[in-house]
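Visitor: My questions all concern the structure below.
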Amino acid sequence: MSEWLNADRAAAYLGISSSNLYSLAQQGRIPGHKIGKMWRFNSGELDAWIRANKPINEFFNSVEAAIDSNELLRDPQREGHSAALDFFDAGGQKAIMQLPVGCGKSGLISILPFGVSEGRVLVIAPNLTIRRELEKVLDVTNKRACFWNKCKVLTPEVMSAGPYIAVLDSKDANIHDCDSSHIVITNIQQLASSADRWLPQFPDDYFDMILVDEGHHSAAPSWLKVFERFPNSKIVNLTATPFRSDKKDIEGDFIYKYSFKRAMIKGYIKKLQAIYVAPKEIYFTYENDKHYHTIEEVMQLKEEVWFSRGVALSNECNSHIVDASLDKLEKLRQSGTNHQLIAVAMSVNHAKAIRSLYAERGFESAEIHSDMPPDKQAEVMQKLRAGSLDCLIQVQMLGEGFDHPHLSVAAIFRPFRSLPPYVQFIGRIMRVIVQNDPRHPDNYGYVVTHIGLNLDQQLEDFRDMEKEDKDFFKDLIYGTEPPPPIEVTEGRARMKLNPNMIVEKEIVSEFFEEDFLDTDDAVLLEELKAHAESLGFDAEDIARAIKNRKKEKRRVVDAVGAFPVLPQKQRREARKRLKEEINRTAKLLLNRLGLDFNGKEIAFKLMPGRATGNNFVAAVQLVNKEVNKRTGVEAGQRDRLKTEDFIRAQEQLEDILNSLTRQFKKMEADNG
């Protein structure tokens, strides 16, 4: 039973001098209560402080951490911690754990060391974004964000003595910061850089435990370099997608997995539904031959790479995906919440074309890709987070660590040839807006695409991943995107403006609709019923409804009507797209001629007097002149053109590219 002590008795209790006691109490490093001019100390609080101030190698096994029966923790956090205790108690060393996006992976990282680590802990993030988030979660001085404080894992008395973090960054961090800390946080680029600033400073026994966020990266050389430096450390790789795209295995035993199904039932992630545009009829030209196919034939053709690629690049097919995705976005927004849409495109040019389709329907849209200057990327992201952007179209961006729950519609305009990138993109819309409430209208999401892109196979693979089968995960580890054709990588391919397949028209009267995940597991059904009862619903009625719905796995629903296209915005977007396509045509021209963008051959040697500036500027001028000639306008007069004129001009760019290529080749030949 605790008692109150005066300063002299408290100093004796702790075995320190009164002056040291006063100094530590005034700094807030020892729990004390100043009443007037006198200090009083509670023996129970001092006992907790003593336990918390154990040496670093004893800290995580001596402090009291509320984990097992802590109702503020999520199921995967309690269960994951228990799995780690069992694994390392049995002598295990390298573990793999999988939690879906939004299920509390950072929280699990926070509690994993307790009862397991016998020394300092190293936490490694794959990038700066994730590292900064982990800093907030693991910082005992950040009362609002600190996980141990929010979820009452540790008492304030314990947290007065740690765990302390040191962050390896490019500023003024040094080894003494790490010596004084229980946890060291870093991103892999900082820790294992070619400069070798940090690794040589740490003895090989410096870390007892290493926690790797987004652990599917851990087979890469930089990560292996770290593991080899600390050969006896306990290692846990945590990931939302336990597979890699480069055929390298993730080393370790798979000790825990929290399924997407359970996460969806609990309301940790959004309930997702897949929507497929399914054309009743499709008319297209492939390599100059006319074709017509019904939906039954499309279901067969979609497995052909040339067909799914042609669908992806078709303005007609893209328009139907746009309309279907906007319909779902508007339905979600009826709750009053500003839901947003994220789309994925095949290329930068493809993203710009899709952006125009959303914009001309009156939705604020922008594309983002790695070739954009950082300030432009930051501007787009600021608009997204501020809610002023309706639709974001990305190309190989916004991967791990990107967290924006208001993204609720995923529009897919490209065929994914393997599961990992598909799951990673879907993960962008999984985070819930309202925590732990699976029936809240804001916790639904939609994945919208075209049946011709053959993504229903990826959905089937995703469901297979849910079978709790460890061997299947090992197979998934070897998933990979097919490499581009060798003629492309070696630069021998003749680059084109337009695809081989051009869709002229498709008639869409229905969509295919299906739930993203099946609840076909008896255990999961019981869990769903129990959760429904806790919310006040009739569990048996819900179970019957699920069983009846399962009889109809894929449902056919009427297609939505086309969203109105604003003529003025359509014309502006058409003009903007022409300018973008002219720049692209100029780049392709220089690639064909083998000319450096910053060279001066065109203006000074090949076409003196007809163009100025470096080769890229000169090529843009030449393409613009040809466009003006074919549209019948003078320079600076394009504001007079109609939408149809801009579209026709885009269609002529392929011929302009070929014509200019022939002219230059002839000049080169004439000049010897």
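Note on naming: chains are A, B, ... as they come in the structure tokens, residues start from 1 per chain, ligands start from 1 in the order shown.
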Go through segment 264-376 of chain A and collect every residue that DSSP, computed from the backbone, puts in alpha helix (DSSP H); the answer should be as a ChimeraX atom specification.
Guide: /A:264-266,295-301,305-312,315-332,348-359,374-376
Visitor: Dump N, CA and C atoms for the selected residues as a compact mmCIF listing (two decimals), in the first residue's frame?
Guide:
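Writing the result to selection_14.txt gives the following:
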# COMPACT_ATOMS: atom_id res chain seq x y z
N MET A 264 -12.41 -6.05 -42.13
CA MET A 264 -13.59 -5.42 -42.70
C MET A 264 -14.80 -5.60 -41.77
N ILE A 265 -14.92 -6.79 -41.19
CA ILE A 265 -16.03 -7.05 -40.28
C ILE A 265 -15.95 -6.15 -39.04
N LYS A 266 -14.75 -5.96 -38.52
CA LYS A 266 -14.55 -5.15 -37.32
C LYS A 266 -14.67 -3.65 -37.60
N ILE A 295 -20.36 -9.09 -75.18
CA ILE A 295 -19.78 -9.18 -73.85
C ILE A 295 -19.21 -10.57 -73.60
N GLU A 296 -19.86 -11.62 -74.13
CA GLU A 296 -19.35 -12.97 -73.94
C GLU A 296 -17.97 -13.13 -74.58
N GLU A 297 -17.81 -12.52 -75.76
CA GLU A 297 -16.52 -12.60 -76.44
C GLU A 297 -15.47 -11.73 -75.76
N VAL A 298 -15.92 -10.59 -75.20
CA VAL A 298 -15.00 -9.73 -74.46
C VAL A 298 -14.42 -10.48 -73.27
N MET A 299 -15.25 -11.29 -72.60
CA MET A 299 -14.79 -12.04 -71.43
C MET A 299 -13.67 -13.01 -71.79
N GLN A 300 -13.63 -13.44 -73.05
CA GLN A 300 -12.55 -14.30 -73.51
C GLN A 300 -11.34 -13.46 -73.95
N LEU A 301 -11.60 -12.37 -74.67
CA LEU A 301 -10.53 -11.54 -75.21
C LEU A 301 -9.73 -10.82 -74.13
N VAL A 305 -3.15 -9.63 -73.89
CA VAL A 305 -2.48 -8.40 -73.47
C VAL A 305 -2.82 -7.25 -74.41
N TRP A 306 -2.83 -7.49 -75.72
CA TRP A 306 -3.10 -6.41 -76.67
C TRP A 306 -4.50 -5.84 -76.48
N PHE A 307 -5.45 -6.72 -76.10
CA PHE A 307 -6.83 -6.26 -75.93
C PHE A 307 -6.98 -5.42 -74.66
N SER A 308 -6.47 -5.93 -73.52
CA SER A 308 -6.62 -5.18 -72.28
C SER A 308 -5.86 -3.86 -72.35
N ARG A 309 -4.74 -3.84 -73.06
CA ARG A 309 -3.99 -2.58 -73.22
C ARG A 309 -4.78 -1.60 -74.10
N GLY A 310 -5.40 -2.13 -75.14
CA GLY A 310 -6.21 -1.28 -76.01
C GLY A 310 -7.40 -0.68 -75.27
N VAL A 311 -8.04 -1.47 -74.42
CA VAL A 311 -9.14 -0.97 -73.59
C VAL A 311 -8.63 0.13 -72.66
N ALA A 312 -7.46 -0.10 -72.05
CA ALA A 312 -6.91 0.87 -71.11
C ALA A 312 -6.65 2.22 -71.76
N ASN A 315 -10.24 6.14 -75.19
CA ASN A 315 -11.00 7.25 -74.63
C ASN A 315 -12.44 6.84 -74.35
N GLU A 316 -13.00 6.01 -75.23
CA GLU A 316 -14.38 5.55 -75.06
C GLU A 316 -14.53 4.72 -73.79
N CYS A 317 -13.63 3.74 -73.60
CA CYS A 317 -13.69 2.89 -72.40
C CYS A 317 -13.38 3.70 -71.15
N ASN A 318 -12.39 4.58 -71.25
CA ASN A 318 -12.03 5.42 -70.10
C ASN A 318 -13.20 6.30 -69.67
N SER A 319 -13.95 6.80 -70.64
CA SER A 319 -15.10 7.66 -70.32
C SER A 319 -16.13 6.91 -69.50
N HIS A 320 -16.33 5.62 -69.82
CA HIS A 320 -17.31 4.83 -69.07
C HIS A 320 -16.81 4.53 -67.66
N ILE A 321 -15.50 4.31 -67.49
CA ILE A 321 -14.95 4.13 -66.14
C ILE A 321 -15.13 5.42 -65.35
N VAL A 322 -14.86 6.55 -65.99
CA VAL A 322 -15.01 7.86 -65.34
C VAL A 322 -16.45 8.04 -64.85
N ASP A 323 -17.42 7.79 -65.72
CA ASP A 323 -18.82 7.97 -65.33
C ASP A 323 -19.21 7.05 -64.18
N ALA A 324 -18.78 5.79 -64.25
CA ALA A 324 -19.12 4.83 -63.19
C ALA A 324 -18.48 5.22 -61.86
N SER A 325 -17.24 5.68 -61.91
CA SER A 325 -16.55 6.05 -60.67
C SER A 325 -17.14 7.32 -60.07
N LEU A 326 -17.52 8.28 -60.91
CA LEU A 326 -18.13 9.51 -60.40
C LEU A 326 -19.51 9.23 -59.79
N ASP A 327 -20.23 8.27 -60.36
CA ASP A 327 -21.53 7.89 -59.79
C ASP A 327 -21.34 7.39 -58.35
N LYS A 328 -20.34 6.55 -58.13
CA LYS A 328 -20.08 6.05 -56.78
C LYS A 328 -19.60 7.16 -55.86
N LEU A 329 -18.78 8.06 -56.38
CA LEU A 329 -18.30 9.18 -55.58
C LEU A 329 -19.46 10.05 -55.11
N GLU A 330 -20.38 10.34 -56.01
CA GLU A 330 -21.51 11.19 -55.66
C GLU A 330 -22.43 10.50 -54.66
N LYS A 331 -22.60 9.18 -54.79
CA LYS A 331 -23.42 8.44 -53.82
C LYS A 331 -22.79 8.51 -52.42
N LEU A 332 -21.49 8.34 -52.33
CA LEU A 332 -20.81 8.42 -51.03
C LEU A 332 -20.95 9.82 -50.43
N VAL A 348 2.25 8.84 -67.86
CA VAL A 348 1.99 10.25 -67.58
C VAL A 348 1.00 10.80 -68.59
N ASN A 349 1.20 10.49 -69.85
CA ASN A 349 0.29 10.99 -70.88
C ASN A 349 -1.12 10.44 -70.69
N HIS A 350 -1.21 9.19 -70.33
CA HIS A 350 -2.51 8.56 -70.07
C HIS A 350 -3.20 9.25 -68.88
N ALA A 351 -2.42 9.58 -67.84
CA ALA A 351 -2.97 10.26 -66.67
C ALA A 351 -3.54 11.63 -67.06
N LYS A 352 -2.85 12.33 -67.93
CA LYS A 352 -3.34 13.64 -68.37
C LYS A 352 -4.64 13.52 -69.14
N ALA A 353 -4.74 12.48 -69.97
CA ALA A 353 -5.98 12.27 -70.73
C ALA A 353 -7.14 11.95 -69.79
N ILE A 354 -6.89 11.14 -68.76
CA ILE A 354 -7.94 10.81 -67.79
C ILE A 354 -8.32 12.04 -66.98
N ARG A 355 -7.31 12.82 -66.59
CA ARG A 355 -7.60 14.07 -65.86
C ARG A 355 -8.59 14.93 -66.63
N SER A 356 -8.40 15.02 -67.94
CA SER A 356 -9.29 15.85 -68.75
C SER A 356 -10.72 15.32 -68.73
N LEU A 357 -10.88 14.00 -68.73
CA LEU A 357 -12.22 13.42 -68.71
C LEU A 357 -12.97 13.79 -67.42
N TYR A 358 -12.26 13.75 -66.30
CA TYR A 358 -12.90 14.16 -65.03
C TYR A 358 -13.15 15.67 -65.02
N ALA A 359 -12.18 16.44 -65.50
CA ALA A 359 -12.30 17.90 -65.44
C ALA A 359 -13.43 18.42 -66.30
N PRO A 374 9.25 18.62 -57.35
CA PRO A 374 8.75 18.44 -55.98
C PRO A 374 7.75 19.50 -55.54
N ASP A 375 7.97 20.76 -55.95
CA ASP A 375 7.04 21.80 -55.52
C ASP A 375 5.66 21.62 -56.14
N LYS A 376 5.63 21.09 -57.38
CA LYS A 376 4.34 20.83 -58.04
C LYS A 376 3.64 19.64 -57.37
Visitor: Find the residues near Cys146 of chain A: any atom within 10 Å, counting only C-alpha atoms, skip ones fewer than 5 places away on the same chain, and give them as a compact mmCIF listing (two decimals) with C-alpha atoms, in the first residue's frame.
Guide:
# COMPACT_ATOMS: atom_id res chain seq x y z
CA GLY A 107 0.53 0.52 -32.60
CA SER A 110 4.87 0.29 -30.23
CA LEU A 134 6.55 6.49 -36.33
CA GLU A 135 8.36 9.35 -34.58
CA LYS A 136 5.02 10.82 -33.51
CA VAL A 137 3.62 7.48 -32.32
CA LEU A 138 6.71 6.57 -30.28
CA ASP A 139 7.45 9.98 -28.74
CA VAL A 140 6.49 10.07 -25.02
CA THR A 141 6.60 13.88 -25.10
CA CYS A 151 -4.19 3.66 -25.41
CA LYS A 152 -3.07 3.74 -21.76
Visitor: Identify, on the basis of only C-alpha atoms, every residue whose closest approach to segment 564-575 of chain A does not exceed 8 Å; exclude the query and any residue fewer than 5 positions from it along the same chain; express the result as a ChimeraX atom specification.
Guide: /A:356,359-362,642-643,646-647
Visitor: Name all residues at most 8 Å from Arg229 of chain A (count only C-alpha atoms; drop same-chain ones fewer than 4 positions away) and give them as a list in words.
Guide: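 Surrounding residues, per the criterion: Leu199, Asp204 and Lys225 of chain A.
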Visitor: Mind dumping the selected residues with N, CA, C and O atoms as a PDB file, in the first residue's frame?
Guide:
ATOM      1  N   LEU A 199      26.197   2.685 -39.444  1.00  0.00           N
ATOM      2  CA  LEU A 199      26.383   1.273 -39.098  1.00  0.00           C
ATOM      3  C   LEU A 199      27.715   0.982 -38.407  1.00  0.00           C
ATOM      4  O   LEU A 199      27.749   0.238 -37.413  1.00  0.00           O
ATOM      5  N   ASP A 204      27.981  -4.946 -32.792  1.00  0.00           N
ATOM      6  CA  ASP A 204      27.044  -5.910 -33.385  1.00  0.00           C
ATOM      7  C   ASP A 204      25.967  -6.373 -32.403  1.00  0.00           C
ATOM      8  O   ASP A 204      24.977  -6.981 -32.802  1.00  0.00           O
ATOM      9  N   LYS A 225      22.170  -5.747 -45.471  1.00  0.00           N
ATOM     10  CA  LYS A 225      23.393  -5.174 -44.893  1.00  0.00           C
ATOM     11  C   LYS A 225      23.191  -4.872 -43.402  1.00  0.00           C
ATOM     12  O   LYS A 225      24.077  -5.102 -42.579  1.00  0.00           O
TER      13      LYS A 225
END
Visitor: Restricting the calculation to only C-alpha atoms: of A:Cys103, A:Val623, A:Ile210, A:Ala83, which residue gets closest to Asp68 of chain A?
Guide: A:Ala83
Visitor: Rank nothing, just name the residue among A:Lys257, A:Arg262, A:Lys579, A:Arg29 nearest to Met159 of chain A, using only C-alpha atoms.
Guide: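 Of all the options, A:Arg29 lies closest to Met159 of chain A.
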Visitor: For Leu21 of chain A, work out the shell of residues within 8 Å, counting only C-alpha atoms and skipping chain neighbours fewer than 3 positions away, then give it as a VMD selection string.
Guide: chain A and resid 7 11 16 to 18 24 to 25 30
Visitor: Would you write out those residues with all heavy atoms, as an mmCIF file, in the first residue's frame?
Guide:
data_model
loop_
_atom_site.group_PDB
_atom_site.id
_atom_site.type_symbol
_atom_site.label_atom_id
_atom_site.label_comp_id
_atom_site.auth_asym_id
_atom_site.auth_seq_id
_atom_site.Cartn_x
_atom_site.Cartn_y
_atom_site.Cartn_z
ATOM 1 N N ALA A 7 10.442 14.933 1.722
ATOM 2 C CA ALA A 7 11.624 14.906 0.860
ATOM 3 C C ALA A 7 12.742 14.052 1.443
ATOM 4 O O ALA A 7 13.386 13.274 0.723
ATOM 5 C CB ALA A 7 12.110 16.327 0.604
ATOM 6 N N ALA A 11 14.165 10.736 -0.386
ATOM 7 C CA ALA A 11 15.562 10.631 -0.811
ATOM 8 C C ALA A 11 16.177 9.347 -0.275
ATOM 9 O O ALA A 11 16.901 8.631 -0.987
ATOM 10 C CB ALA A 11 16.345 11.852 -0.338
ATOM 11 N N ILE A 16 19.299 8.385 -2.840
ATOM 12 C CA ILE A 16 19.998 9.509 -3.458
ATOM 13 C C ILE A 16 19.992 10.671 -2.473
ATOM 14 O O ILE A 16 19.285 10.650 -1.464
ATOM 15 C CB ILE A 16 19.346 9.946 -4.789
ATOM 16 C CG1 ILE A 16 17.898 10.404 -4.554
ATOM 17 C CG2 ILE A 16 19.395 8.830 -5.806
ATOM 18 C CD1 ILE A 16 17.215 10.926 -5.810
ATOM 19 N N SER A 17 20.775 11.707 -2.763
ATOM 20 C CA SER A 17 20.837 12.862 -1.878
ATOM 21 C C SER A 17 19.595 13.719 -2.050
ATOM 22 O O SER A 17 18.924 13.671 -3.089
ATOM 23 C CB SER A 17 22.085 13.696 -2.185
ATOM 24 O OG SER A 17 21.978 14.290 -3.467
ATOM 25 N N SER A 18 19.292 14.535 -1.030
ATOM 26 C CA SER A 18 18.132 15.423 -1.104
ATOM 27 C C SER A 18 18.282 16.436 -2.231
ATOM 28 O O SER A 18 17.309 16.772 -2.911
ATOM 29 C CB SER A 18 17.951 16.151 0.237
ATOM 30 O OG SER A 18 17.653 15.243 1.267
ATOM 31 N N LEU A 24 15.865 16.564 -9.651
ATOM 32 C CA LEU A 24 15.113 15.665 -10.538
ATOM 33 C C LEU A 24 13.617 15.966 -10.490
ATOM 34 O O LEU A 24 12.917 15.899 -11.510
ATOM 35 C CB LEU A 24 15.370 14.207 -10.144
ATOM 36 C CG LEU A 24 16.785 13.687 -10.415
ATOM 37 C CD1 LEU A 24 16.985 12.326 -9.765
ATOM 38 C CD2 LEU A 24 17.048 13.595 -11.916
ATOM 39 N N ALA A 25 13.110 16.297 -9.309
ATOM 40 C CA ALA A 25 11.683 16.600 -9.183
ATOM 41 C C ALA A 25 11.332 17.882 -9.926
ATOM 42 O O ALA A 25 10.297 17.972 -10.602
ATOM 43 C CB ALA A 25 11.308 16.715 -7.702
ATOM 44 N N ILE A 30 11.347 12.949 -11.761
ATOM 45 C CA ILE A 30 10.883 12.084 -10.670
ATOM 46 C C ILE A 30 9.480 12.555 -10.302
ATOM 47 O O ILE A 30 9.246 13.766 -10.177
ATOM 48 C CB ILE A 30 11.825 12.174 -9.448
ATOM 49 C CG1 ILE A 30 13.066 11.313 -9.689
ATOM 50 C CG2 ILE A 30 11.125 11.711 -8.182
ATOM 51 C CD1 ILE A 30 14.026 11.291 -8.513
#
Visitor: Extract, using only C-alpha atoms, all DNA, RNA and protein residues at most 10 Å from Ser347 of chain A, discarding same-chain residues fewer than 6 positions from it, and format them as a list in words.
Guide: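 Listing them by chain and then by number gives Leu313, Ala353, His369, Gln394, Val395, Gln396 and Arg414 of chain A.
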Visitor: For the strand (DSSP E or B) assignment from backbone DSSP, which residues of segment 84-125 of chain A qualify? Please present them as a list in words.
Guide: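 The strand (DSSP E or B) residues within segment 84-125 of chain A come out as Lys94, Ala95, Ile96, Met97, Gln98, Val121, Leu122, Val123, Ile124 and Ala125 of chain A.
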Visitor: Take the residues from that selection and write them out as a compact mmCIF listing (two decimals), in the first residue's frame, keeping N, CA, C and O atoms.
Guide:
# COMPACT_ATOMS: atom_id res chain seq x y z
N LYS A 94 13.66 -14.69 -36.50
CA LYS A 94 13.18 -13.82 -37.56
C LYS A 94 11.71 -14.13 -37.85
O LYS A 94 11.37 -15.26 -38.21
N ALA A 95 10.86 -13.11 -37.70
CA ALA A 95 9.42 -13.32 -37.83
C ALA A 95 8.84 -12.39 -38.88
O ALA A 95 9.36 -11.30 -39.14
N ILE A 96 7.72 -12.82 -39.49
CA ILE A 96 6.96 -12.00 -40.43
C ILE A 96 5.54 -11.89 -39.90
O ILE A 96 4.93 -12.90 -39.52
N MET A 97 5.00 -10.67 -39.87
CA MET A 97 3.62 -10.44 -39.42
C MET A 97 2.92 -9.58 -40.44
O MET A 97 3.50 -8.63 -40.98
N GLN A 98 1.64 -9.88 -40.72
CA GLN A 98 0.89 -9.14 -41.74
C GLN A 98 -0.39 -8.58 -41.16
O GLN A 98 -1.19 -9.29 -40.55
N VAL A 121 16.06 -1.21 -29.00
CA VAL A 121 15.26 -1.61 -30.15
C VAL A 121 15.54 -0.67 -31.32
O VAL A 121 15.60 0.56 -31.15
N LEU A 122 15.71 -1.24 -32.51
CA LEU A 122 15.88 -0.46 -33.74
C LEU A 122 14.60 -0.58 -34.56
O LEU A 122 14.13 -1.69 -34.84
N VAL A 123 14.01 0.56 -34.94
CA VAL A 123 12.81 0.58 -35.78
C VAL A 123 13.21 1.20 -37.12
O VAL A 123 13.70 2.33 -37.19
N ILE A 124 13.00 0.44 -38.21
CA ILE A 124 13.42 0.89 -39.54
C ILE A 124 12.20 1.10 -40.42
O ILE A 124 11.35 0.22 -40.56
N ALA A 125 12.12 2.27 -41.03
CA ALA A 125 11.06 2.60 -41.98
C ALA A 125 11.64 2.61 -43.40
O ALA A 125 12.82 2.88 -43.58
Visitor: Please report the interatomic distance between atom CA of Leu593 of chain A and atom CA of Thr631 of chain A in Å with one decimal.
Guide: 26.0 Å
Visitor: Can you list, as a list of chain:residue names, every protein, DNA or RNA residue that comes within 10 Å of Thr661 of chain A when you count only C-alpha atoms, leaving out same-chain residues fewer than 6 positions away?
Guide: A:Leu588, A:Leu589, A:Leu590, A:Arg592, A:Leu593, A:Asp655, A:Met667
Visitor: Selection from above, C-alpha atoms, as a CSV table (one decimal), in the first residue's frame, can you write it?
Guide:
chain,number,residue,atom,x,y,z
A,588,LEU,CA,9.2,11.5,-79.6
A,589,LEU,CA,10.7,13.3,-82.6
A,590,LEU,CA,14.0,13.9,-80.8
A,592,ARG,CA,13.6,9.1,-83.2
A,593,LEU,CA,16.4,11.4,-84.5
A,655,ASP,CA,1.0,11.9,-89.2
A,667,MET,CA,18.1,16.5,-94.6
Visitor: Calculated over only C-alpha atoms, which of the candidates A:Ala84, A:Asp205, A:Lys625, A:His182 has the smallest distance to Phe254 of chain A?
Guide: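 Selected residue with least distance to Phe254 of chain A: A:Ala84.
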